[in-house]
>>> print(open('final.csv').read())   # CSV, C-alpha atoms
chain,number,residue,atom,x,y,z
A,1,MET,CA,14.5,-18.5,-9.3
A,2,ARG,CA,14.9,-14.7,-9.5
A,3,THR,CA,11.7,-13.0,-8.4
A,4,LEU,CA,10.9,-9.3,-8.7
A,5,ILE,CA,8.2,-7.9,-6.3
A,6,VAL,CA,6.3,-4.7,-7.1
A,7,SER,CA,3.6,-3.3,-4.9
A,8,ASP,CA,0.9,-0.5,-4.8
A,9,LEU,CA,0.6,0.4,-8.5
A,10,HIS,CA,-3.0,1.8,-7.9
A,11,LEU,CA,-3.7,1.6,-11.7
A,12,GLY,CA,-6.8,3.7,-12.4
A,13,SER,CA,-6.4,6.2,-9.6
A,14,ALA,CA,-8.7,9.2,-10.0
A,15,SER,CA,-5.9,11.5,-9.1
A,16,ARG,CA,-3.9,10.1,-12.0
A,17,SER,CA,-1.0,9.6,-9.5
A,18,ASP,CA,-0.4,6.1,-10.8
A,19,VAL,CA,2.9,6.6,-12.7
A,20,LEU,CA,2.7,3.3,-14.6
A,21,ARG,CA,-0.2,4.6,-16.7
A,22,SER,CA,2.6,6.4,-18.6
A,23,ALA,CA,4.2,4.2,-21.3
A,24,GLU,CA,7.5,6.1,-20.9
A,25,LEU,CA,7.6,5.4,-17.1
A,26,ARG,CA,6.8,1.7,-17.7
A,27,GLU,CA,10.0,1.2,-19.6
A,28,PRO,CA,12.4,0.8,-16.6
A,29,LEU,CA,10.2,-1.8,-15.0
A,30,LEU,CA,9.8,-3.7,-18.3
A,31,ASP,CA,13.6,-3.7,-18.7
A,32,ALA,CA,14.0,-5.1,-15.1
A,33,ILE,CA,11.4,-7.9,-15.8
A,34,GLY,CA,13.6,-9.2,-18.6
A,35,ASP,CA,16.1,-10.5,-16.1
A,36,VAL,CA,13.8,-12.4,-13.8
A,37,ASP,CA,11.9,-15.7,-13.8
A,38,ARG,CA,8.8,-14.4,-11.9
A,39,LEU,CA,7.0,-11.1,-11.2
A,40,ILE,CA,4.8,-10.7,-8.2
A,41,LEU,CA,2.3,-7.8,-8.1
A,42,LEU,CA,1.9,-7.4,-4.3
A,43,GLY,CA,-1.5,-5.9,-3.9
A,44,ASP,CA,-3.3,-2.7,-4.7
A,45,VAL,CA,-2.5,-3.4,-8.3
A,46,LEU,CA,-5.8,-1.8,-9.4
A,47,GLU,CA,-7.5,1.2,-7.8
A,48,LEU,CA,-11.0,-0.1,-7.3
A,49,ARG,CA,-12.0,2.4,-4.6
A,50,HIS,CA,-12.2,5.5,-6.8
A,51,GLY,CA,-14.9,4.4,-9.2
A,52,PRO,CA,-16.4,1.5,-11.2
A,53,PRO,CA,-13.9,-1.3,-12.1
A,54,ARG,CA,-14.2,-0.6,-15.8
A,55,GLU,CA,-12.3,2.7,-15.2
A,56,ALA,CA,-9.3,1.0,-13.5
A,57,LEU,CA,-9.4,-1.9,-16.1
A,58,ALA,CA,-9.1,0.5,-19.0
A,59,VAL,CA,-5.9,2.0,-17.5
A,60,ALA,CA,-4.5,-1.4,-16.5
A,61,ARG,CA,-4.9,-3.1,-19.9
A,62,PRO,CA,-1.8,-1.6,-21.7
A,63,PHE,CA,0.3,-2.3,-18.6
A,64,PHE,CA,-0.7,-6.0,-18.4
A,65,GLU,CA,-0.3,-6.5,-22.2
A,66,GLU,CA,3.2,-5.1,-22.1
A,67,VAL,CA,4.2,-7.0,-19.0
A,68,GLY,CA,2.8,-10.2,-20.5
A,69,ARG,CA,5.0,-9.8,-23.6
A,70,ALA,CA,8.0,-9.0,-21.5
A,71,LEU,CA,7.4,-12.1,-19.3
A,72,THR,CA,6.6,-14.5,-22.2
A,73,GLY,CA,6.4,-18.1,-20.9
A,74,ARG,CA,7.2,-17.0,-17.3
A,75,GLU,CA,5.1,-16.5,-14.2
A,76,LEU,CA,3.1,-13.5,-13.1
A,77,VAL,CA,1.5,-13.7,-9.7
A,78,VAL,CA,-1.2,-11.3,-8.5
A,79,ILE,CA,-1.9,-10.9,-4.8
A,80,ALA,CA,-4.9,-8.8,-3.8
A,81,GLY,CA,-4.7,-5.9,-1.4
A,82,ASN,CA,-7.4,-3.8,0.3
A,83,HIS,CA,-7.8,-1.5,-2.7
A,84,ASP,CA,-8.3,-4.4,-5.2
A,85,TYR,CA,-9.9,-6.9,-2.8
A,86,PRO,CA,-12.6,-7.9,-5.4
A,87,LEU,CA,-9.9,-9.6,-7.5
A,88,MET,CA,-10.6,-12.6,-5.3
A,89,ALA,CA,-14.4,-12.3,-5.2
A,90,SER,CA,-15.3,-15.6,-6.9
A,91,TRP,CA,-13.0,-17.7,-4.8
A,92,ARG,CA,-14.4,-16.2,-1.6
A,93,ALA,CA,-18.0,-16.7,-2.8
A,94,HIS,CA,-17.3,-20.3,-3.7
A,95,ARG,CA,-15.6,-20.9,-0.3
A,96,ASP,CA,-18.5,-19.4,1.5
A,97,GLU,CA,-20.8,-21.9,-0.2
A,98,GLN,CA,-18.8,-25.0,0.8
A,99,GLU,CA,-20.2,-27.1,3.7
A,100,ALA,CA,-16.9,-27.4,5.4
A,101,PRO,CA,-14.3,-25.1,3.9
A,102,LYS,CA,-10.7,-25.7,4.6
A,103,ARG,CA,-9.3,-23.3,7.2
A,104,LEU,CA,-7.4,-20.4,5.6
A,105,GLY,CA,-3.6,-20.5,5.8
A,106,VAL,CA,-1.0,-17.9,5.0
A,107,GLU,CA,-0.9,-19.1,1.3
A,108,GLN,CA,-3.8,-20.0,-1.0
A,109,LEU,CA,-2.6,-20.5,-4.6
A,110,LEU,CA,-5.3,-20.1,-7.3
A,111,ALA,CA,-5.8,-20.1,-11.1
A,112,ALA,CA,-6.9,-16.7,-12.4
A,113,GLU,CA,-10.4,-18.1,-13.4
A,114,GLN,CA,-10.9,-19.4,-9.8
A,115,ALA,CA,-10.2,-16.0,-8.3
A,116,SER,CA,-12.6,-13.8,-10.3
A,117,PRO,CA,-13.8,-12.9,-13.8
A,118,MET,CA,-11.8,-9.6,-13.4
A,119,LEU,CA,-8.5,-11.4,-12.7
A,120,HIS,CA,-9.3,-13.9,-15.5
A,121,ARG,CA,-9.5,-10.9,-17.9
A,122,LEU,CA,-6.1,-9.6,-16.6
A,123,ALA,CA,-4.7,-13.1,-17.3
A,124,GLN,CA,-6.0,-12.9,-20.9
A,125,TRP,CA,-4.3,-9.6,-21.4
A,126,ALA,CA,-1.1,-10.8,-19.8
A,127,SER,CA,-0.8,-13.8,-22.1
A,128,PRO,CA,1.7,-15.3,-23.1
A,129,ALA,CA,2.9,-14.9,-19.4
A,130,ARG,CA,1.3,-17.4,-17.0
A,131,LEU,CA,-0.8,-15.4,-14.5
A,132,THR,CA,-1.8,-17.0,-11.2
A,133,ALA,CA,-3.1,-15.6,-8.0
A,134,ALA,CA,-2.3,-16.0,-4.3
A,135,TYR,CA,-3.9,-14.8,-1.1
A,136,PRO,CA,-3.2,-13.3,1.4
A,137,GLY,CA,0.4,-13.9,0.4
A,138,MET,CA,2.8,-16.6,-0.8
A,139,TRP,CA,6.1,-18.1,0.0
A,140,VAL,CA,8.6,-16.8,-2.5
A,141,ARG,CA,11.3,-18.9,-0.9
A,142,PRO,CA,11.3,-21.1,2.2
A,143,ASP,CA,12.5,-18.1,4.2
A,144,VAL,CA,10.8,-15.2,2.2
A,145,TYR,CA,7.1,-14.6,2.5
A,146,ALA,CA,5.3,-11.8,0.6
A,147,MET,CA,1.9,-10.3,1.3
A,148,HIS,CA,0.3,-6.9,0.7
A,149,GLY,CA,0.2,-6.1,4.4
A,150,HIS,CA,-3.3,-4.6,4.8
A,151,TYR,CA,-3.8,-6.7,8.0
A,152,LEU,CA,-1.5,-4.2,9.7
A,153,ASP,CA,-4.3,-1.7,9.9
A,154,CYS,CA,-5.8,-3.8,12.7
A,155,HIS,CA,-2.8,-3.0,14.9
A,156,LEU,CA,-1.9,0.5,13.7
A,157,THR,CA,-1.8,3.2,16.4
A,158,VAL,CA,-2.3,6.1,13.8
A,159,PRO,CA,-6.1,6.9,13.6
A,160,THR,CA,-6.6,6.5,9.9
A,161,LEU,CA,-10.1,5.9,8.5
A,162,GLU,CA,-9.1,2.3,7.7
A,163,ARG,CA,-7.8,1.7,11.2
A,164,LEU,CA,-11.0,3.1,12.7
A,165,SER,CA,-13.2,1.1,10.4
A,166,VAL,CA,-11.6,-2.2,11.2
A,167,GLY,CA,-11.4,-1.2,14.9
A,168,ALA,CA,-15.2,-0.6,14.9
A,169,MET,CA,-15.8,-3.9,13.2
A,170,GLY,CA,-13.6,-5.8,15.6
A,171,ARG,CA,-15.5,-4.2,18.5
A,172,LEU,CA,-18.8,-5.1,17.0
A,173,LEU,CA,-17.7,-8.8,16.4
A,174,ASN,CA,-15.8,-9.0,19.7
A,175,ARG,CA,-12.5,-9.4,17.9
A,176,PRO,CA,-10.1,-6.9,19.5
A,177,PRO,CA,-6.6,-6.5,18.0
A,178,TRP,CA,-4.9,-8.6,20.7
A,179,ALA,CA,-7.2,-11.5,20.0
A,180,LEU,CA,-6.3,-11.8,16.3
A,181,ALA,CA,-4.3,-15.0,15.7
A,182,SER,CA,-4.9,-16.3,12.2
A,183,VAL,CA,-5.8,-15.3,8.6
A,184,GLU,CA,-9.4,-16.2,9.4
A,185,ASP,CA,-9.4,-13.7,12.3
A,186,TYR,CA,-8.0,-10.9,10.2
A,187,GLU,CA,-10.5,-11.6,7.4
A,188,THR,CA,-13.4,-11.5,9.8
A,189,VAL,CA,-12.7,-7.9,10.8
A,190,THR,CA,-11.4,-6.5,7.5
A,191,ALA,CA,-13.6,-8.2,4.8
A,192,PRO,CA,-16.9,-6.5,5.7
A,193,VAL,CA,-15.2,-3.1,5.6
A,194,TYR,CA,-13.6,-3.7,2.2
A,195,ALA,CA,-16.8,-5.1,0.8
A,196,TRP,CA,-18.8,-2.0,1.7
A,197,ARG,CA,-16.3,0.4,0.3
A,198,HIS,CA,-16.0,-1.4,-3.0
A,199,GLU,CA,-19.8,-1.7,-3.4
A,200,VAL,CA,-20.0,2.1,-3.0
A,201,ALA,CA,-17.3,2.6,-5.6
A,202,ARG,CA,-18.9,0.3,-8.1
A,203,TYR,CA,-21.8,2.7,-8.7
A,204,VAL,CA,-20.3,6.1,-8.2
A,205,GLY,CA,-17.0,7.8,-7.9
A,206,THR,CA,-16.1,8.1,-4.3
A,207,GLY,CA,-15.2,11.4,-2.6
A,208,VAL,CA,-12.1,12.3,-0.6
A,209,ALA,CA,-13.6,10.8,2.6
A,210,LEU,CA,-13.6,7.3,1.1
A,211,ASN,CA,-10.8,7.3,-1.5
A,212,GLY,CA,-7.9,7.9,0.8
A,213,VAL,CA,-7.3,11.5,-0.2
A,214,GLY,CA,-9.1,12.8,2.9
A,215,THR,CA,-6.7,11.0,5.2
A,216,VAL,CA,-3.7,12.7,3.5
A,217,HIS,CA,-5.4,16.1,3.7
A,218,ALA,CA,-6.1,15.6,7.4
A,219,TRP,CA,-2.5,14.5,8.0
A,220,ARG,CA,-1.2,17.7,6.3
A,221,ALA,CA,-3.6,20.0,8.1
A,222,LEU,CA,-2.5,18.6,11.4
A,223,GLY,CA,1.2,19.2,10.6
A,224,GLY,CA,2.1,15.6,10.0
A,225,GLY,CA,4.3,16.5,7.0
A,226,GLY,CA,6.8,18.3,9.2
A,227,ASP,CA,8.8,21.1,7.5
A,228,ALA,CA,7.7,23.1,4.5
A,229,ARG,CA,10.0,21.3,2.1
A,230,ARG,CA,7.3,18.7,1.4
A,231,GLY,CA,4.9,21.5,0.5
A,232,ARG,CA,7.4,22.7,-2.1
A,233,ALA,CA,7.6,19.3,-3.9
A,234,GLY,CA,4.5,19.9,-5.9
A,235,ARG,CA,5.6,23.4,-6.8
A,236,ALA,CA,9.0,22.0,-8.0
A,237,ALA,CA,7.1,19.8,-10.4
A,238,ARG,CA,4.7,22.6,-11.6
A,239,GLY,CA,7.5,25.1,-12.0
A,240,GLY,CA,6.4,27.4,-9.1
A,241,ARG,CA,4.2,30.5,-9.2
A,242,ARG,CA,4.7,33.2,-11.9
A,243,GLY,CA,3.5,36.8,-12.4
A,244,THR,CA,4.3,38.1,-8.9
A,245,THR,CA,7.3,39.9,-7.4
A,246,ALA,CA,9.6,38.2,-5.0
A,247,GLY,CA,8.6,40.6,-2.2
A,248,ASN,CA,4.9,39.9,-2.7
A,249,ARG,CA,5.6,36.2,-2.7
A,250,ARG,CA,7.5,36.5,0.6
A,251,LEU,CA,4.7,38.5,2.2
A,252,ALA,CA,2.0,36.2,1.0
A,253,ALA,CA,4.0,33.2,2.2
A,254,ALA,CA,4.4,34.8,5.6
A,255,TRP,CA,0.7,35.4,6.0
A,256,ALA,CA,-0.1,31.9,4.7
A,257,ALA,CA,2.3,30.3,7.2
A,258,ALA,CA,0.9,32.3,10.1
A,259,TRP,CA,-2.7,31.3,9.2
A,260,ARG,CA,-1.7,27.6,8.8
A,261,ASP,CA,0.0,27.7,12.2
A,262,LEU,CA,-3.1,29.1,13.9
A,263,ARG,CA,-5.4,26.6,12.1
A,264,ARG,CA,-3.1,23.7,12.9
A,265,ARG,CA,-3.0,24.6,16.6
A,266,ALA,CA,-6.8,24.6,16.7
A,267,LEU,CA,-7.0,21.3,14.8
A,268,VAL,CA,-4.4,19.6,17.0
A,269,GLY,CA,-6.3,20.5,20.2
A,270,GLY,CA,-9.5,19.0,18.8
A,271,PHE,CA,-7.6,16.0,17.4
A,272,THR,CA,-6.1,15.2,20.8
A,273,LEU,CA,-9.6,15.2,22.4
A,274,THR,CA,-11.0,13.0,19.6
A,275,VAL,CA,-8.2,10.4,19.9
A,276,ALA,CA,-8.9,10.2,23.7
A,277,ALA,CA,-12.6,9.7,23.0
A,278,LEU,CA,-11.8,6.9,20.5
A,279,ASN,CA,-9.6,5.1,23.0
A,280,ARG,CA,-12.3,5.3,25.6
A,281,ALA,CA,-14.8,3.9,23.1
A,282,GLY,CA,-12.6,0.8,22.7
A,283,LEU,CA,-11.3,1.5,19.2
A,284,GLY,CA,-7.7,1.9,20.3
A,285,PRO,CA,-5.0,1.8,21.2
A,286,LEU,CA,-4.4,5.0,19.2
A,287,ARG,CA,-1.8,7.7,19.6
A,288,THR,CA,-1.9,11.4,18.7
A,289,ASP,CA,1.7,11.4,17.2
A,290,ILE,CA,1.2,11.6,13.4
A,291,SER,CA,4.7,12.7,12.5
A,292,ALA,CA,6.4,11.2,9.4
A,293,GLY,CA,8.7,9.3,11.8
A,294,GLU,CA,5.8,7.9,13.7
A,295,LEU,CA,4.0,6.9,10.5
A,296,ARG,CA,7.0,4.7,9.7
A,297,ARG,CA,7.4,3.3,13.2
A,298,ALA,CA,3.7,2.6,13.7
A,299,GLY,CA,3.5,0.8,10.4
A,300,LEU,CA,6.5,-1.4,11.2
A,301,ARG,CA,5.3,-2.2,14.7
A,302,ALA,CA,1.9,-3.2,13.3
A,303,MET,CA,3.4,-5.3,10.5
A,304,GLY,CA,5.7,-7.0,12.9
A,305,GLU,CA,2.7,-7.8,15.0
A,306,VAL,CA,0.9,-9.4,12.1
A,307,ALA,CA,4.0,-11.4,11.1
A,308,VAL,CA,4.4,-12.9,14.6
A,309,ARG,CA,0.7,-13.6,14.9
A,310,LEU,CA,0.7,-15.4,11.6
A,311,GLY,CA,3.7,-17.6,12.6
A,312,LEU,CA,6.2,-16.0,10.2
A,313,ASP,CA,9.0,-16.1,12.7
A,314,GLY,CA,12.5,-16.2,11.2
A,315,ALA,CA,11.3,-15.2,7.7
A,316,TYR,CA,11.9,-12.1,5.6
A,317,VAL,CA,8.4,-10.6,5.2
A,318,VAL,CA,8.1,-8.5,2.1
A,319,PHE,CA,5.0,-6.2,2.2
A,320,GLY,CA,3.6,-3.0,0.7
A,321,HIS,CA,0.5,-1.1,1.8
A,322,THR,CA,2.2,1.9,3.6
A,323,HIS,CA,4.1,3.0,0.4
A,324,ARG,CA,7.2,3.6,2.5
A,325,ALA,CA,10.1,1.7,1.0
A,326,GLY,CA,12.8,0.2,3.3
A,327,PRO,CA,14.9,-0.5,5.0
A,328,LEU,CA,17.0,2.2,3.2
A,329,PRO,CA,20.5,3.4,4.1
A,330,GLY,CA,20.2,5.5,7.3
A,331,ASP,CA,17.1,3.6,8.6
A,332,ARG,CA,17.4,2.0,12.0
A,333,GLN,CA,17.6,-1.7,11.4
A,334,SER,CA,16.0,-2.6,14.7
A,335,GLU,CA,12.8,-1.0,13.6
A,336,TRP,CA,12.5,-3.4,10.7
A,337,GLN,CA,12.3,-6.5,12.9
A,338,GLY,CA,9.3,-8.0,14.6
A,339,GLU,CA,9.3,-9.1,18.2
A,340,ARG,CA,10.9,-12.5,18.8
A,341,GLN,CA,8.6,-14.9,20.5
A,342,PRO,CA,9.9,-16.4,23.8
A,343,THR,CA,8.1,-19.7,23.0
A,344,THR,CA,10.1,-20.3,19.8
A,345,SER,CA,13.8,-20.7,18.9
A,346,SER,CA,13.2,-18.9,15.6
A,347,ALA,CA,14.5,-15.5,14.9
A,348,ALA,CA,12.3,-12.4,14.7
A,349,PRO,CA,10.6,-11.7,11.4
A,350,ARG,CA,12.7,-9.3,9.2
A,351,LEU,CA,10.6,-6.7,7.4
A,352,VAL,CA,11.1,-5.3,3.9
A,353,ASN,CA,8.7,-2.8,2.3
A,354,ALA,CA,8.4,-2.7,-1.5
A,355,GLY,CA,7.4,0.9,-1.6
A,356,CYS,CA,4.9,2.1,-4.3
A,357,TRP,CA,4.4,3.3,-7.8
A,358,THR,CA,2.3,6.4,-7.1
A,359,TYR,CA,3.4,10.0,-7.1
A,360,ASP,CA,2.0,11.8,-4.0
A,361,ALA,CA,3.6,15.2,-3.5
A,362,ALA,CA,2.4,15.4,0.2
A,363,PHE,CA,5.1,12.8,1.1
A,364,LEU,CA,7.9,14.0,-1.1
A,365,THR,CA,10.7,16.5,-0.8
A,366,PRO,CA,11.9,18.8,-3.6
A,367,VAL,CA,15.0,16.6,-4.2
A,368,SER,CA,14.2,13.9,-6.7
A,369,GLY,CA,14.6,10.4,-5.3
A,370,GLU,CA,15.3,11.6,-1.8
A,371,SER,CA,12.0,10.6,-0.1
A,372,PRO,CA,11.4,6.9,0.9
A,373,TYR,CA,7.9,7.5,-0.6
A,374,TRP,CA,9.4,8.3,-4.0
A,375,PRO,CA,7.8,6.0,-6.6
A,376,GLY,CA,9.5,3.2,-8.5
A,377,THR,CA,10.8,0.8,-5.8
A,378,CYS,CA,10.7,-3.0,-6.2
A,379,VAL,CA,12.3,-5.9,-4.3
A,380,LEU,CA,14.5,-8.5,-5.9
A,381,VAL,CA,14.7,-12.0,-4.3
A,382,GLU,CA,17.4,-14.3,-5.5
A,383,ASP,CA,17.9,-18.0,-4.7
A,384,SER,CA,19.8,-17.0,-1.5
A,385,GLY,CA,20.6,-13.9,0.5
A,386,PRO,CA,18.4,-11.1,1.8
A,387,PRO,CA,15.8,-9.4,-0.5
A,388,VAL,CA,17.3,-6.4,-2.1
A,389,LEU,CA,15.5,-3.0,-2.7
A,390,VAL,CA,15.9,-1.7,-6.3
A,391,ARG,CA,14.8,1.9,-7.1
A,392,LEU,CA,14.0,2.2,-10.8
A,393,LEU,CA,12.8,5.8,-11.0
A,394,SER,CA,15.2,7.5,-8.6
A,395,GLU,CA,16.8,9.6,-11.4
A,396,ARG,CA,13.5,10.9,-12.7
A,397,SER,CA,12.5,14.5,-11.9
A,398,HIS,CA,9.3,15.7,-10.3
A,399,ALA,CA,8.2,17.1,-13.6
A,400,GLN,CA,8.6,13.7,-15.3
A,401,LEU,CA,6.5,12.0,-12.6
A,402,TRP,CA,3.9,14.7,-12.1
A,403,PRO,CA,0.4,13.2,-12.8
A,404,LEU,CA,-0.6,13.3,-16.5
A,405,PRO,CA,-3.4,15.6,-17.4
A,406,ALA,CA,-6.8,14.0,-18.2
>>> encode(input="final.csv", output="structure tokens")
Amino acid sequence: MRTLIVSDLHLGSASRSDVLRSAELREPLLDAIGDVDRLILLGDVLELRHGPPREALAVARPFFEEVGRALTGRELVVIAGNHDYPLMASWRAHRDEQEAPKRLGVEQLLAAEQASPMLHRLAQWASPARLTAAYPGMWVRPDVYAMHGHYLDCHLTVPTLERLSVGAMGRLLNRPPWALASVEDYETVTAPVYAWRHEVARYVGTGVALNGVGTVHAWRALGGGGDARRGRAGRAARGGRRGTTAGNRRLAAAWAAAWRDLRRRALVGGFTLTVAALNRAGLGPLRTDISAGELRRAGLRAMGEVAVRLGLDGAYVVFGHTHRAGPLPGDRQSEWQGERQPTTSSAAPRLVNAGCWTYDAAFLTPVSGESPYWPGTCVLVEDSGPPVLVRLLSERSHAQLWPLPA
């Protein structure tokens, strides 16, 4: 069975960065679907943290209708992530009401109507494809497991808002990261955080502090983006500034760079003290390194930790969540393996990230398709052999992917 895995669509994003809201940009994916037996949407399919669900559903409907027609008679699997956690709400509520619920494993397979009314609606739109659900992941093949990967936030050393939230919940419930050993454990510390954030979004559009944009702004302010090439990605899409002389632009750029450097130095000093305080408060371990390289390494270390703790030794583990596709040519292969357990003869888990379908200029360079965060990546799993990364939008330009106006 040929399976295509796509992650982090974020349909309905308030920033309109979700490229699959564009009919023209859906075409390469719809073409790729024609050659597979199954499509897995690997979490954060809907953006349910930016506002009421009806807003995301309105954007998602054309996508699901077109995918359903392209997949006629074949299987479409939806796995929930942290941004569309309510897609499994009914199943969770029913399980909570059971007198002796079965312990959660790494794969729960559900009919759409069991999962939630929202997912049942998606299934109706996707007909004549057969939509089912899985959580927190599923076995694609006996040696390939796919999950969104949001559990990695429990082990992340980068102090994101999500990491601090689950860290605080773990401390409150006496579930430190090193004690997590099952799906039940991870759900205990993450579910309350997700539930609160989604309840807020149901009634009002969330601001930058809660919708993820604030984390990106903070990362850029602290110099996490590295060189200035990333800052020019957005200008490449918008066509640059007009109406000023080259000399004035250079002078303005020099003053702006000097001001950014001064501000960054002040912020970094305060950031270092803050991280130290968070570690003393028991929310760590956290590190002050937030470079692009450390974002990659920290995410892979954390996902490798999750894979080992869930007993996925020896498997390929396909995940999303971090939006950073890989391994790509030039990546250090050793980073994409979890730690091998001395108590087992199995090999270490091998990690594969499915990337994303969102355009975020903060993580991109001016060269189209160059960044590992460039949207349009998916993973193809055949009957045998390693999962293969496929980049469907690498030839598109910044201008073609720039968020559509409202």
>>> closest_residue(input="final.csv", among="A:Pro62, A:Pro52, A:Gly293, A:Gly167", to="Tyr203 of chain A", atoms="all atoms listed in the file")
A:Pro52
>>> residues_around(input="final.csv", residues="Thr72 of chain A", least_positions_apart="5", cutoff="8 Å", atoms="all atoms listed in the file", output="mmCIF file with C-alpha atoms, in the frame of the given file")
data_model
loop_
_atom_site.group_PDB
_atom_site.id
_atom_site.type_symbol
_atom_site.label_atom_id
_atom_site.label_comp_id
_atom_site.auth_asym_id
_atom_site.auth_seq_id
_atom_site.Cartn_x
_atom_site.Cartn_y
_atom_site.Cartn_z
ATOM 1 C CA SER A 127 -0.800 -13.800 -22.100
ATOM 2 C CA PRO A 128 1.700 -15.300 -23.100
ATOM 3 C CA ALA A 129 2.900 -14.900 -19.400
ATOM 4 C CA ARG A 130 1.300 -17.400 -17.000
#
>>> closest_residue(input="final.csv", among="A:Thr274, A:Leu392, A:Cys154, A:Glu305", to="Leu30 of chain A", atoms="all atoms listed in the file")
A:Leu392
>>> atom_distance(input="final.csv", atom1="atom CA of Met88 of chain A", atom2="atom CA of Ala201 of chain A")
16.6 Å
>>> atom_distance(input="final.csv", atom1="atom CA of His83 of chain A", atom2="atom CA of Asp313 of chain A")
27.1 Å
>>> atom_distance(input="final.csv", atom1="atom CA of Ser346 of chain A", atom2="atom CA of Val308 of chain A")
10.7 Å
>>> closest_residue(input="final.csv", among="A:Ala100, A:Ala115, A:Val158, A:Met1", to="Ala298 of chain A", atoms="all atoms listed in the file")
A:Val158
>>> build_atoms(input="final.csv", residues="segment 296-301 of chain A", atoms="all heavy atoms", output="compact mmCIF listing (two decimals), in the frame of the given file")
# COMPACT_ATOMS: atom_id res chain seq x y z
N ARG A 296 6.12 5.83 10.03
CA ARG A 296 7.00 4.70 9.70
C ARG A 296 7.03 3.70 10.87
O ARG A 296 6.85 2.50 10.66
CB ARG A 296 8.42 5.23 9.45
CG ARG A 296 9.44 4.13 9.12
CD ARG A 296 10.86 4.64 9.13
NE ARG A 296 11.33 4.95 10.48
CZ ARG A 296 11.57 6.16 10.93
NH1 ARG A 296 11.37 7.21 10.18
NH2 ARG A 296 12.01 6.35 12.17
N ARG A 297 7.28 4.20 12.07
CA ARG A 297 7.40 3.30 13.20
C ARG A 297 6.10 2.55 13.50
O ARG A 297 6.12 1.33 13.77
CB ARG A 297 7.83 4.09 14.46
CG ARG A 297 9.25 4.64 14.39
CD ARG A 297 9.66 5.26 15.72
NE ARG A 297 8.88 6.45 16.04
CZ ARG A 297 9.22 7.69 15.66
NH1 ARG A 297 10.32 7.88 14.95
NH2 ARG A 297 8.48 8.72 16.00
N ALA A 298 4.98 3.25 13.40
CA ALA A 298 3.70 2.60 13.70
C ALA A 298 3.40 1.52 12.66
O ALA A 298 2.91 0.43 13.01
CB ALA A 298 2.57 3.65 13.67
N GLY A 299 3.69 1.80 11.38
CA GLY A 299 3.50 0.80 10.40
C GLY A 299 4.33 -0.44 10.55
O GLY A 299 3.88 -1.58 10.38
N LEU A 300 5.58 -0.22 10.95
CA LEU A 300 6.50 -1.40 11.20
C LEU A 300 6.11 -2.15 12.40
O LEU A 300 6.17 -3.38 12.41
CB LEU A 300 7.93 -0.85 11.26
CG LEU A 300 8.51 -0.29 9.94
CD1 LEU A 300 9.86 0.36 10.19
CD2 LEU A 300 8.61 -1.39 8.90
N ARG A 301 5.72 -1.45 13.48
CA ARG A 301 5.30 -2.20 14.70
C ARG A 301 4.06 -3.05 14.34
O ARG A 301 3.97 -4.21 14.75
CB ARG A 301 4.90 -1.20 15.79
CG ARG A 301 6.05 -0.53 16.48
CD ARG A 301 5.60 0.15 17.78
NE ARG A 301 4.51 1.09 17.58
CZ ARG A 301 4.67 2.40 17.38
NH1 ARG A 301 5.90 2.91 17.33
NH2 ARG A 301 3.63 3.20 17.25
